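Visitor: Once you've had a glance at the structure underneath, I'll fire off some questions.
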Amino acid sequence: MDMAKLAARRSSCLRRAVGAVLVKDRRLLATGYNGVPSGVTHCDVAGCLRDRLQVPSGERHELCRGLHAEQNAIIQAAFHGVSIRDAVLYCTNLPCIICAKMLINAGVRRVVYIEGYSDALTCEMLSEVGMELVRMGDPAP
């Protein structure tokens, strides 16, 4: 999880810094942090679209110039031809429902996170497909 926290320090988001790493067999496969796509002006210059539109945190994810950390980790793996099937995602925040659906279809088997806004649909969908969801610091069942 320390590597996910380190990745979050690279975030260019003005609202929340999020980091993610994909790991399999104790090997780091890909990293990601939230921010704009390569070559796009960062929000500290262009301004935060979500702030301008007064979009509350955790809602209307499509109204953002940036990508989520989980999305960037998946994209980085794909860009470099690295399979993430059966990998574990370590993320500083609970994935949103959009990222959860991507993780399901990418074959990720477990998500470990520290905190995040509550997203009941994320939890419900991950449970439905049998993906393990672990919040660090929660007591073992």
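The chains in the structure tokens are called A, B, ... from first to last as shown; in each chain the residues are counted from 1, and the ligands are counted from 1 in the order shown.
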Would you list, as a ChimeraX atom specification, the residues of chain A that end up in helix (DSSP H, G or I) under DSSP run on this structure's backbone?

Guide: /A:2-8,43-46,49-52,69-79,97-106,120-128

Visitor: Near stretch 104-120 of chain A, counting only C-alpha atoms, which residues have an atom at most 9 Å away, once you skip same-chain residues fewer than 5 positions from it, shown as number ranges by chain?

Guide: A: 1, 22, 57-58, 74, 83-97, 99, 125-126, 129-137

Visitor: Write the selection just made, keeping N, CA and C atoms, as an mmCIF file, in the first residue's frame?

Guide:
```
data_model
loop_
_atom_site.group_PDB
_atom_site.id
_atom_site.type_symbol
_atom_site.label_atom_id
_atom_site.label_comp_id
_atom_site.auth_asym_id
_atom_site.auth_seq_id
_atom_site.Cartn_x
_atom_site.Cartn_y
_atom_site.Cartn_z
ATOM 1 N N MET A 1 0.830 -1.197 0.000
ATOM 2 C CA MET A 1 0.000 0.000 0.000
ATOM 3 C C MET A 1 0.873 1.259 0.000
ATOM 4 N N LEU A 22 -1.161 -2.321 -9.260
ATOM 5 C CA LEU A 22 -1.622 -3.669 -9.565
ATOM 6 C C LEU A 22 -0.458 -4.621 -9.330
ATOM 7 N N SER A 57 -18.437 15.647 -4.716
ATOM 8 C CA SER A 57 -17.519 14.522 -4.717
ATOM 9 C C SER A 57 -18.292 13.210 -4.783
ATOM 10 N N GLY A 58 -17.801 12.289 -5.610
ATOM 11 C CA GLY A 58 -18.429 10.981 -5.727
ATOM 12 C C GLY A 58 -19.581 10.898 -6.711
ATOM 13 N N ILE A 74 -4.781 0.371 -15.162
ATOM 14 C CA ILE A 74 -5.245 -0.585 -16.179
ATOM 15 C C ILE A 74 -4.694 -0.194 -17.556
ATOM 16 N N SER A 83 -0.597 -8.523 -18.724
ATOM 17 C CA SER A 83 -1.881 -9.055 -18.272
ATOM 18 C C SER A 83 -2.062 -8.778 -16.783
ATOM 19 N N ILE A 84 -3.261 -8.332 -16.432
ATOM 20 C CA ILE A 84 -3.556 -8.094 -15.012
ATOM 21 C C ILE A 84 -4.603 -9.079 -14.494
ATOM 22 N N ARG A 85 -4.859 -10.126 -15.259
ATOM 23 C CA ARG A 85 -5.793 -11.167 -14.823
ATOM 24 C C ARG A 85 -5.277 -11.765 -13.510
ATOM 25 N N ASP A 86 -6.182 -11.886 -12.533
ATOM 26 C CA ASP A 86 -5.885 -12.438 -11.201
ATOM 27 C C ASP A 86 -4.976 -11.550 -10.359
ATOM 28 N N ALA A 87 -4.812 -10.295 -10.740
ATOM 29 C CA ALA A 87 -3.993 -9.364 -9.960
ATOM 30 C C ALA A 87 -4.782 -8.835 -8.761
ATOM 31 N N VAL A 88 -4.058 -8.193 -7.872
ATOM 32 C CA VAL A 88 -4.638 -7.500 -6.727
ATOM 33 C C VAL A 88 -4.413 -6.009 -6.949
ATOM 34 N N LEU A 89 -5.458 -5.223 -6.755
ATOM 35 C CA LEU A 89 -5.339 -3.767 -6.831
ATOM 36 C C LEU A 89 -5.209 -3.225 -5.417
ATOM 37 N N TYR A 90 -4.168 -2.462 -5.176
ATOM 38 C CA TYR A 90 -4.018 -1.713 -3.929
ATOM 39 C C TYR A 90 -4.278 -0.263 -4.296
ATOM 40 N N CYS A 91 -5.241 0.351 -3.629
ATOM 41 C CA CYS A 91 -5.648 1.707 -3.981
ATOM 42 C C CYS A 91 -5.889 2.518 -2.711
ATOM 43 N N THR A 92 -5.523 3.775 -2.762
ATOM 44 C CA THR A 92 -5.717 4.616 -1.583
ATOM 45 C C THR A 92 -7.192 4.887 -1.320
ATOM 46 N N ASN A 93 -8.042 4.730 -2.343
ATOM 47 C CA ASN A 93 -9.477 4.969 -2.189
ATOM 48 C C ASN A 93 -10.293 3.816 -2.754
ATOM 49 N N LEU A 94 -11.503 3.672 -2.244
ATOM 50 C CA LEU A 94 -12.443 2.697 -2.786
ATOM 51 C C LEU A 94 -12.738 3.074 -4.231
ATOM 52 N N PRO A 95 -12.636 2.124 -5.157
ATOM 53 C CA PRO A 95 -12.950 2.440 -6.553
ATOM 54 C C PRO A 95 -14.407 2.868 -6.724
ATOM 55 N N CYS A 96 -14.619 3.788 -7.655
ATOM 56 C CA CYS A 96 -15.983 4.176 -8.015
ATOM 57 C C CYS A 96 -16.598 3.042 -8.838
ATOM 58 N N ILE A 97 -17.860 3.135 -9.157
ATOM 59 C CA ILE A 97 -18.539 2.074 -9.900
ATOM 60 C C ILE A 97 -17.963 1.919 -11.311
ATOM 61 N N CYS A 99 -14.807 2.426 -12.272
ATOM 62 C CA CYS A 99 -13.545 1.694 -12.118
ATOM 63 C C CYS A 99 -13.805 0.247 -11.700
ATOM 64 N N MET A 125 -21.679 -4.790 -6.637
ATOM 65 C CA MET A 125 -21.250 -5.426 -7.880
ATOM 66 C C MET A 125 -20.010 -6.299 -7.667
ATOM 67 N N LEU A 126 -19.055 -5.822 -6.893
ATOM 68 C CA LEU A 126 -17.858 -6.621 -6.622
ATOM 69 C C LEU A 126 -18.221 -7.890 -5.852
ATOM 70 N N VAL A 129 -19.801 -10.630 -8.165
ATOM 71 C CA VAL A 129 -18.882 -11.408 -8.999
ATOM 72 C C VAL A 129 -17.850 -12.166 -8.164
ATOM 73 N N GLY A 130 -17.937 -12.031 -6.848
ATOM 74 C CA GLY A 130 -17.027 -12.760 -5.972
ATOM 75 C C GLY A 130 -15.649 -12.137 -5.828
ATOM 76 N N MET A 131 -15.522 -10.851 -6.184
ATOM 77 C CA MET A 131 -14.231 -10.182 -6.014
ATOM 78 C C MET A 131 -14.085 -9.771 -4.556
ATOM 79 N N GLU A 132 -12.954 -10.096 -3.987
ATOM 80 C CA GLU A 132 -12.700 -9.763 -2.586
ATOM 81 C C GLU A 132 -12.433 -8.268 -2.469
ATOM 82 N N LEU A 133 -13.077 -7.634 -1.510
ATOM 83 C CA LEU A 133 -12.925 -6.205 -1.247
ATOM 84 C C LEU A 133 -12.495 -6.064 0.206
ATOM 85 N N VAL A 134 -11.320 -5.505 0.422
ATOM 86 C CA VAL A 134 -10.757 -5.409 1.768
ATOM 87 C C VAL A 134 -10.398 -3.960 2.088
ATOM 88 N N ARG A 135 -10.972 -3.461 3.169
ATOM 89 C CA ARG A 135 -10.600 -2.124 3.633
ATOM 90 C C ARG A 135 -9.526 -2.297 4.685
ATOM 91 N N MET A 136 -8.372 -1.692 4.468
ATOM 92 C CA MET A 136 -7.275 -1.811 5.434
ATOM 93 C C MET A 136 -7.705 -1.212 6.768
ATOM 94 N N GLY A 137 -7.346 -1.891 7.819
ATOM 95 C CA GLY A 137 -7.706 -1.442 9.146
ATOM 96 C C GLY A 137 -8.972 -2.059 9.686
#
```

Visitor: Can you tell me which residues surround A:Val40 at a distance of at most 12 Å, considering only C-alpha atoms, apart from same-chain residues fewer than 3 positions away, and format the answer as number ranges by chain?

Guide: A: 12, 35-37, 43-46, 65-67

Visitor: Do you have the atom CA of A:Val55-atom CA of A:Ala73 distance handy?

Guide: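 Atom CA of A:Val55 sits 24.7 Å away from atom CA of A:Ala73.
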
Visitor: Please give the complete set of residues from stretch 89-127 of chain A that DSSP, run on the backbone, assigns to strand (DSSP E), formatted as a list of chain:residue names.

Guide: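 Checking each residue of stretch 89-127 of chain A, the strand (DSSP E) ones are A:Leu89, A:Tyr90, A:Cys91, A:Thr92, A:Asn93, A:Arg110, A:Val111, A:Val112, A:Tyr113, A:Ile114, A:Glu115.
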
Visitor: Please compute the atom CA of A:Gly19-atom CA of A:Ile98 distance, one decimal, in Å.

Guide: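 The value is 16.2 Å.
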